[in-house]
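Asks: This structure is in structure tokens; I'll ask about it shortly.
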Amino acid sequence: MKQVNVGMVGYKFMGKAHSQAYRDVPMFFPDAPKPVMKAICGRDKSGVEQAAAQFGWESSITDWTELVNRDDIDVIDINAPSNVHKEIAIAAAKAGKHIFCEKPLALTLLDSREMLAAAEQAGVKHMVGFNYRFAPAVQLAKKLIDEGRLGTIYHFRAWFLQDWIVDPDFPLVWRLDKNIAGSGSHGDLGAHLIDLSHFLLGDMSEVIGMSETFIKERPMPSSMTGLSAKGSKDAPRGPVTVDDATLFLTRFEGGALGSFEATRFASGHRCTNSFEINGSKGSVKFDFERMNELQVYFTDDAADVQGFRRVLATDPAHAYMDAWWPPGHTIGYGQTFTHEVVELLRALSEDRQPVPNFHDGVKCQAVLGAVDRSIEERRWVSINEM
Ligand code: SOE
């Protein structure tokens, strides 16, 4: 498969991140099929035309139903808000298109299961955008765990901390509307932590959670894009219908204990996506804001030099890094999207399912839903009951 023709729905924050990835691939991963940026879709004609010109798409379109049925499209990349993931993915599957969908996969577990069923029924490839798996330092953490170099895993603790809505007058953007986003910090940030734990440790058996909406209503926006918005603090106000923060505890099937914290009210933290894993033979610590580094600790270091040390994951020994720059020349957030697009393209050329795919998306939705149920019913909830 020499080239893959891509049609994208959505042109704001994730549309930009995915577009940059498609443009990176031919330059840094020439072995992968070449992604051809055929058309980008958005409701606002002038906005999507401007994005097409700026991001390098051949054309722009405002009707996604037309896009998914075009004969010159192989993959539909869904970067629109969560409430339209399901209808677009199912239509794309029925049209025989492979699907790349941003996280969270759907608004509910039921919807995500319907998306997986449609993709399997159609026999298409399907991927979900859990990009943090593709940071070389995260790949190194997985290698250390899988090779037994941390021993028996006892603890997984993870936190995804942001602060972009701490101002009570920040407008009521779509990410704060349950009907569009499905949830707040839980599905937006907690979903990444859940997927990382699945990637690194495996499945959970039971969860119990808590959540809070600190600011109950906000002024309606005059405009919004990504994590920014404009609007007067005196504008009419609307209700916030999602969580501002959700925390939960879990027991993994392998016996480890887990603690998860997702919040948009951690003043001073812009995008602190972090985890620490403790095992019988050592520990690792990852902080996305220092994404090229992995802190490692091994119990068998000599007694006089025991302690965490920093591994700079930019050598050829580290995943993907031989495609970029010499050792020490770091990469960034955008390149995690380039790596996931490379996985998608390689999977298509090798006629296999990419990873993570809709199965991983459904597993994540099951945990999201179990935590929600535990909050509603104030009890431990088994994942198997979802
Ligand atoms: C906003 O919270 C956001 O952009 C998420 O939607 C992304 O998935 C995350 O990677 C960064 O923060």
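Within each chain, counting starts at residue 1; across the structure tokens, chains are named A, B, ... in the order shown, with ligands numbered 1 upward in that order.
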Excluding range 67-82 of chain A and any residue of its chain fewer than 4 positions from it, enumerate the residues within 6 Å of it, using only C-alpha atoms, and give them as a list in words.

Replies: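 Using only C-alpha atoms, the neighbours found are Asn5, Val6, Gly7, Met8, Val9, Gly10, Met14, Gly15, Ala92, Ala95, Lys97, His98, Ile99, Phe100, Cys101, Glu102, Ala106 and Ala181 of chain A.
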
Asks: Any chance you could list, as a ChimeraX atom specification, the residues in range 12-68 of chain A that come up alpha helix (DSSP H) when DSSP is run on the backbone?

Replies: /A:13-28,45-55,64-68

Asks: Around ligand 1, which protein and nucleic acid residues have at least one atom no more than 8 Å from it, if we count only C-alpha atoms and all ligand atoms? List them as a PDB file with N, CA and C atoms, in the first residue's frame.

Replies:
```
ATOM      1  N   PHE A  13      -8.488  21.934  17.379  1.00  0.00           N
ATOM      2  CA  PHE A  13      -7.272  21.512  18.091  1.00  0.00           C
ATOM      3  C   PHE A  13      -6.791  20.131  17.623  1.00  0.00           C
ATOM      4  N   MET A  14      -7.634  19.132  17.691  1.00  0.00           N
ATOM      5  CA  MET A  14      -7.182  17.777  17.291  1.00  0.00           C
ATOM      6  C   MET A  14      -7.016  17.694  15.772  1.00  0.00           C
ATOM      7  N   LYS A 103     -10.263  10.306  21.203  1.00  0.00           N
ATOM      8  CA  LYS A 103     -10.814   9.853  22.464  1.00  0.00           C
ATOM      9  C   LYS A 103     -11.646  10.973  23.081  1.00  0.00           C
ATOM     10  N   PHE A 130      -5.421   7.422  21.587  1.00  0.00           N
ATOM     11  CA  PHE A 130      -4.747   7.536  22.882  1.00  0.00           C
ATOM     12  C   PHE A 130      -3.265   7.806  22.605  1.00  0.00           C
ATOM     13  N   ASN A 131      -2.942   9.059  22.342  1.00  0.00           N
ATOM     14  CA  ASN A 131      -1.619   9.414  21.833  1.00  0.00           C
ATOM     15  C   ASN A 131      -0.485   9.253  22.833  1.00  0.00           C
ATOM     16  N   TYR A 132      -0.774   9.297  24.155  1.00  0.00           N
ATOM     17  CA  TYR A 132       0.333   9.296  25.113  1.00  0.00           C
ATOM     18  C   TYR A 132       1.066   7.958  25.164  1.00  0.00           C
ATOM     19  N   GLN A 162      -4.954  19.870  35.034  1.00  0.00           N
ATOM     20  CA  GLN A 162      -4.995  21.086  34.232  1.00  0.00           C
ATOM     21  C   GLN A 162      -5.635  22.204  35.060  1.00  0.00           C
ATOM     22  N   SER A 185     -13.603  16.301  33.152  1.00  0.00           N
ATOM     23  CA  SER A 185     -12.208  15.834  33.286  1.00  0.00           C
ATOM     24  C   SER A 185     -12.141  14.309  33.190  1.00  0.00           C
ATOM     25  N   ASP A 188     -12.264  13.248  29.437  1.00  0.00           N
ATOM     26  CA  ASP A 188     -11.290  13.988  28.637  1.00  0.00           C
ATOM     27  C   ASP A 188      -9.864  13.655  29.080  1.00  0.00           C
ATOM     28  N   LEU A 189      -9.644  13.678  30.389  1.00  0.00           N
ATOM     29  CA  LEU A 189      -8.303  13.446  30.934  1.00  0.00           C
ATOM     30  C   LEU A 189      -8.175  12.058  31.564  1.00  0.00           C
ATOM     31  N   HIS A 192      -7.338   9.127  29.274  1.00  0.00           N
ATOM     32  CA  HIS A 192      -5.921   8.901  28.939  1.00  0.00           C
ATOM     33  C   HIS A 192      -5.236   8.073  30.028  1.00  0.00           C
ATOM     34  N   GLY A 226     -10.424  24.983  20.706  1.00  0.00           N
ATOM     35  CA  GLY A 226      -9.485  24.272  21.569  1.00  0.00           C
ATOM     36  C   GLY A 226      -9.825  24.515  23.028  1.00  0.00           C
ATOM     37  N   LEU A 227      -8.811  24.965  23.794  1.00  0.00           N
ATOM     38  CA  LEU A 227      -9.035  25.200  25.228  1.00  0.00           C
ATOM     39  C   LEU A 227      -9.206  26.675  25.522  1.00  0.00           C
ATOM     40  N   ARG A 264      -9.465  19.724  36.308  1.00  0.00           N
ATOM     41  CA  ARG A 264      -9.159  20.944  35.570  1.00  0.00           C
ATOM     42  C   ARG A 264      -9.021  22.119  36.534  1.00  0.00           C
ATOM     43  N   CYS A 271      -0.732  20.980  31.899  1.00  0.00           N
ATOM     44  CA  CYS A 271      -1.021  19.683  31.253  1.00  0.00           C
ATOM     45  C   CYS A 271      -0.130  18.615  31.870  1.00  0.00           C
TER      46      CYS A 271
END
```

Asks: When you look at Ile331 in chain A with a cut-off of 12 Å (counting only C-alpha atoms), what residues show up, excluding the ones that are within fewer than 3 positions of it in the same chain? I need them as an MDAnalysis selection string.

Replies: chainID A and resid 134:137 288:293 312:315 320:328 334:339

Asks: Fewer than 6 positions away in the same chain doesn't count, so skip those; otherwise give me all residues within 7 Å of Ala93 in chain A, counting only C-alpha atoms, as a PyMOL selection string.

Replies: chain A and resi 118-119+122+124

Asks: Please provide as a list in words all residues within 10 Å of Ser267 in chain A, with the sequence filter that same-chain residues fewer than 3 positions apart are discarded (counting only C-alpha atoms).

Replies: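 Counting only C-alpha atoms, the residues come to Leu161, Gln162, Asp163, Trp164, Ile165, Val166, Asp167, Thr263, Arg264 and Arg270 of chain A.
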
Asks: What would the file look like if the residues just selected were written as a PDB file, in the first residue's frame with N, CA and C atoms?

Replies:
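The resulting file, result25.pdb, is reproduced below:
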```pdb
ATOM      1  N   LEU A 161      -3.525  16.731  35.472  1.00  0.00           N
ATOM      2  CA  LEU A 161      -3.893  17.985  36.144  1.00  0.00           C
ATOM      3  C   LEU A 161      -3.830  19.143  35.159  1.00  0.00           C
ATOM      4  N   GLN A 162      -4.954  19.870  35.034  1.00  0.00           N
ATOM      5  CA  GLN A 162      -4.995  21.086  34.232  1.00  0.00           C
ATOM      6  C   GLN A 162      -5.635  22.204  35.060  1.00  0.00           C
ATOM      7  N   ASP A 163      -5.575  23.428  34.502  1.00  0.00           N
ATOM      8  CA  ASP A 163      -6.165  24.531  35.278  1.00  0.00           C
ATOM      9  C   ASP A 163      -6.835  25.586  34.393  1.00  0.00           C
ATOM     10  N   TRP A 164      -7.201  25.146  33.153  1.00  0.00           N
ATOM     11  CA  TRP A 164      -7.670  26.160  32.186  1.00  0.00           C
ATOM     12  C   TRP A 164      -9.066  26.696  32.488  1.00  0.00           C
ATOM     13  N   ILE A 165      -9.804  26.093  33.432  1.00  0.00           N
ATOM     14  CA  ILE A 165     -11.133  26.649  33.750  1.00  0.00           C
ATOM     15  C   ILE A 165     -11.247  27.034  35.229  1.00  0.00           C
ATOM     16  N   VAL A 166     -10.132  27.273  35.889  1.00  0.00           N
ATOM     17  CA  VAL A 166     -10.180  27.694  37.301  1.00  0.00           C
ATOM     18  C   VAL A 166     -10.911  29.028  37.446  1.00  0.00           C
ATOM     19  N   ASP A 167     -10.754  29.915  36.452  1.00  0.00           N
ATOM     20  CA  ASP A 167     -11.466  31.212  36.473  1.00  0.00           C
ATOM     21  C   ASP A 167     -12.969  30.962  36.353  1.00  0.00           C
ATOM     22  N   THR A 263      -8.341  16.354  36.936  1.00  0.00           N
ATOM     23  CA  THR A 263      -8.958  17.607  37.334  1.00  0.00           C
ATOM     24  C   THR A 263      -8.554  18.739  36.418  1.00  0.00           C
ATOM     25  N   ARG A 264      -9.465  19.724  36.308  1.00  0.00           N
ATOM     26  CA  ARG A 264      -9.159  20.944  35.570  1.00  0.00           C
ATOM     27  C   ARG A 264      -9.021  22.119  36.534  1.00  0.00           C
ATOM     28  N   ARG A 270      -0.633  23.078  33.829  1.00  0.00           N
ATOM     29  CA  ARG A 270      -1.228  23.293  32.517  1.00  0.00           C
ATOM     30  C   ARG A 270      -1.610  21.970  31.836  1.00  0.00           C
TER      31      ARG A 270
END
```

Asks: Please report, as a PyMOL selection string, each residue of range 171-301 of chain A to which DSSP assigns strand (DSSP E or B) when run on this structure's backbone.

Replies: chain A and resi 204-212+217-219+223-225+228-230+237-239+245-252+257-263+272-279+282-287+293-298

Asks: For Lys281 in chain A, which residue among A:Pro356, A:Gly268, A:Gly151, A:Gly96 is the nearest when counting only C-alpha atoms?

Replies: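 Closest to Lys281 in chain A of all the choices is A:Gly151.
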
Asks: As a PDB file with all heavy atoms, in the first residue's frame, please: the residues near Gly238 in chain A (cut-off 7 Å, only C-alpha atoms, same-chain neighbours under 5 positions excluded).

Replies:
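Here's the written file around.pdb:
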```pdb
ATOM      1  N   LEU A 172     -18.706  28.951  29.103  1.00  0.00           N
ATOM      2  CA  LEU A 172     -19.273  27.601  29.066  1.00  0.00           C
ATOM      3  C   LEU A 172     -19.024  26.986  27.690  1.00  0.00           C
ATOM      4  O   LEU A 172     -19.882  27.010  26.810  1.00  0.00           O
ATOM      5  CB  LEU A 172     -20.781  27.662  29.364  1.00  0.00           C
ATOM      6  CG  LEU A 172     -21.473  26.340  29.620  1.00  0.00           C
ATOM      7  CD1 LEU A 172     -21.017  25.723  30.932  1.00  0.00           C
ATOM      8  CD2 LEU A 172     -23.001  26.538  29.646  1.00  0.00           C
ATOM      9  N   GLU A 217     -22.175  27.157  37.194  1.00  0.00           N
ATOM     10  CA  GLU A 217     -22.657  27.804  35.972  1.00  0.00           C
ATOM     11  C   GLU A 217     -21.628  28.824  35.496  1.00  0.00           C
ATOM     12  O   GLU A 217     -20.824  29.339  36.287  1.00  0.00           O
ATOM     13  CB  GLU A 217     -24.014  28.478  36.185  1.00  0.00           C
ATOM     14  CG  GLU A 217     -24.045  29.562  37.235  1.00  0.00           C
ATOM     15  CD  GLU A 217     -25.390  30.305  37.259  1.00  0.00           C
ATOM     16  OE1 GLU A 217     -26.421  29.711  36.889  1.00  0.00           O
ATOM     17  OE2 GLU A 217     -25.364  31.494  37.626  1.00  0.00           O
ATOM     18  N   ARG A 218     -21.627  29.070  34.182  1.00  0.00           N
ATOM     19  CA  ARG A 218     -20.631  29.943  33.572  1.00  0.00           C
ATOM     20  C   ARG A 218     -21.281  30.804  32.495  1.00  0.00           C
ATOM     21  O   ARG A 218     -22.335  30.416  31.949  1.00  0.00           O
ATOM     22  CB  ARG A 218     -19.504  29.100  32.938  1.00  0.00           C
ATOM     23  CG  ARG A 218     -18.646  28.354  33.963  1.00  0.00           C
ATOM     24  CD  ARG A 218     -17.594  27.488  33.290  1.00  0.00           C
ATOM     25  NE  ARG A 218     -16.742  26.819  34.264  1.00  0.00           N
ATOM     26  CZ  ARG A 218     -15.613  27.322  34.743  1.00  0.00           C
ATOM     27  NH1 ARG A 218     -15.232  28.542  34.351  1.00  0.00           N
ATOM     28  NH2 ARG A 218     -14.876  26.662  35.624  1.00  0.00           N
ATOM     29  N   PRO A 219     -20.626  31.930  32.118  1.00  0.00           N
ATOM     30  CA  PRO A 219     -21.172  32.784  31.049  1.00  0.00           C
ATOM     31  C   PRO A 219     -21.097  32.095  29.689  1.00  0.00           C
ATOM     32  O   PRO A 219     -20.138  31.375  29.393  1.00  0.00           O
ATOM     33  CB  PRO A 219     -20.262  34.017  31.083  1.00  0.00           C
ATOM     34  CG  PRO A 219     -19.027  33.598  31.781  1.00  0.00           C
ATOM     35  CD  PRO A 219     -19.414  32.513  32.731  1.00  0.00           C
ATOM     36  N   MET A 220     -22.100  32.293  28.868  1.00  0.00           N
ATOM     37  CA  MET A 220     -22.102  31.689  27.534  1.00  0.00           C
ATOM     38  C   MET A 220     -20.998  32.341  26.693  1.00  0.00           C
ATOM     39  O   MET A 220     -20.766  33.552  26.789  1.00  0.00           O
ATOM     40  CB  MET A 220     -23.458  31.903  26.871  1.00  0.00           C
ATOM     41  CG  MET A 220     -24.633  31.286  27.650  1.00  0.00           C
ATOM     42  SD  MET A 220     -24.367  29.554  28.078  1.00  0.00           S
ATOM     43  CE  MET A 220     -24.605  28.817  26.455  1.00  0.00           C
TER      44      MET A 220
END
```

Asks: Got a sec: who's within 10 Å of Gly190 in chain A, counting only C-alpha atoms, leaving out chain neighbours fewer than 6 positions off, as an MDAnalysis selection string?

Replies: chainID A and resid 104 158:161 184 196 245:248 260:263 273 364 367:368

Asks: Rounded to one decimal place, report the CA of Ala17 in chain A-CA of His329 in chain A distance in Å.

Replies: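 CA of His329 in chain A lies 20.8 Å from CA of Ala17 in chain A.
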
Asks: May I ask which of the residues A:Ile208, A:Leu294, A:Ile153, A:Leu201 is the closest one to Ser382 in chain A, counting only C-alpha atoms?

Replies: A:Ile208

Asks: Which is closer to Lys86 in chain A than all the others in A:Ser183, A:Thr62, A:Ser112, A:Thr152, using only C-alpha atoms?

Replies: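 For Lys86 in chain A, the nearest of the given residues is A:Ser112.
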
Asks: Using only C-alpha atoms, I'd like a table of the residues in range 110-151 of chain A that come within 7 Å of range 347-354 of chain A; for each, show the closest atom pair and its distance in Å rounded to one decimal, ordered by chain and ascending number, as JSON lines.

Replies:
```
{"residue": "A:Lys125", "atom": "CA", "partner": "A:Gln353", "partner_atom": "CA", "distance": 5.5}
{"residue": "A:His126", "atom": "CA", "partner": "A:Gln353", "partner_atom": "CA", "distance": 6.7}
{"residue": "A:Met127", "atom": "CA", "partner": "A:Pro354", "partner_atom": "CA", "distance": 5.9}
```

Asks: Write the residues you've just listed into a file as a PDB file, in the first residue's frame, and include N, CA and C atoms for each of them.

Replies:
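After the write, part-v3.pdb holds the following:
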```pdb
ATOM      1  N   LYS A 125     -10.425  -1.475   9.456  1.00  0.00           N
ATOM      2  CA  LYS A 125      -9.490  -1.246  10.552  1.00  0.00           C
ATOM      3  C   LYS A 125     -10.000  -0.063  11.370  1.00  0.00           C
ATOM      4  N   HIS A 126      -9.684  -0.062  12.667  1.00  0.00           N
ATOM      5  CA  HIS A 126     -10.200   0.986  13.553  1.00  0.00           C
ATOM      6  C   HIS A 126      -9.172   1.298  14.629  1.00  0.00           C
ATOM      7  N   MET A 127      -9.016   2.570  14.915  1.00  0.00           N
ATOM      8  CA  MET A 127      -8.019   3.041  15.893  1.00  0.00           C
ATOM      9  C   MET A 127      -8.630   4.165  16.732  1.00  0.00           C
TER      10      MET A 127
END
```
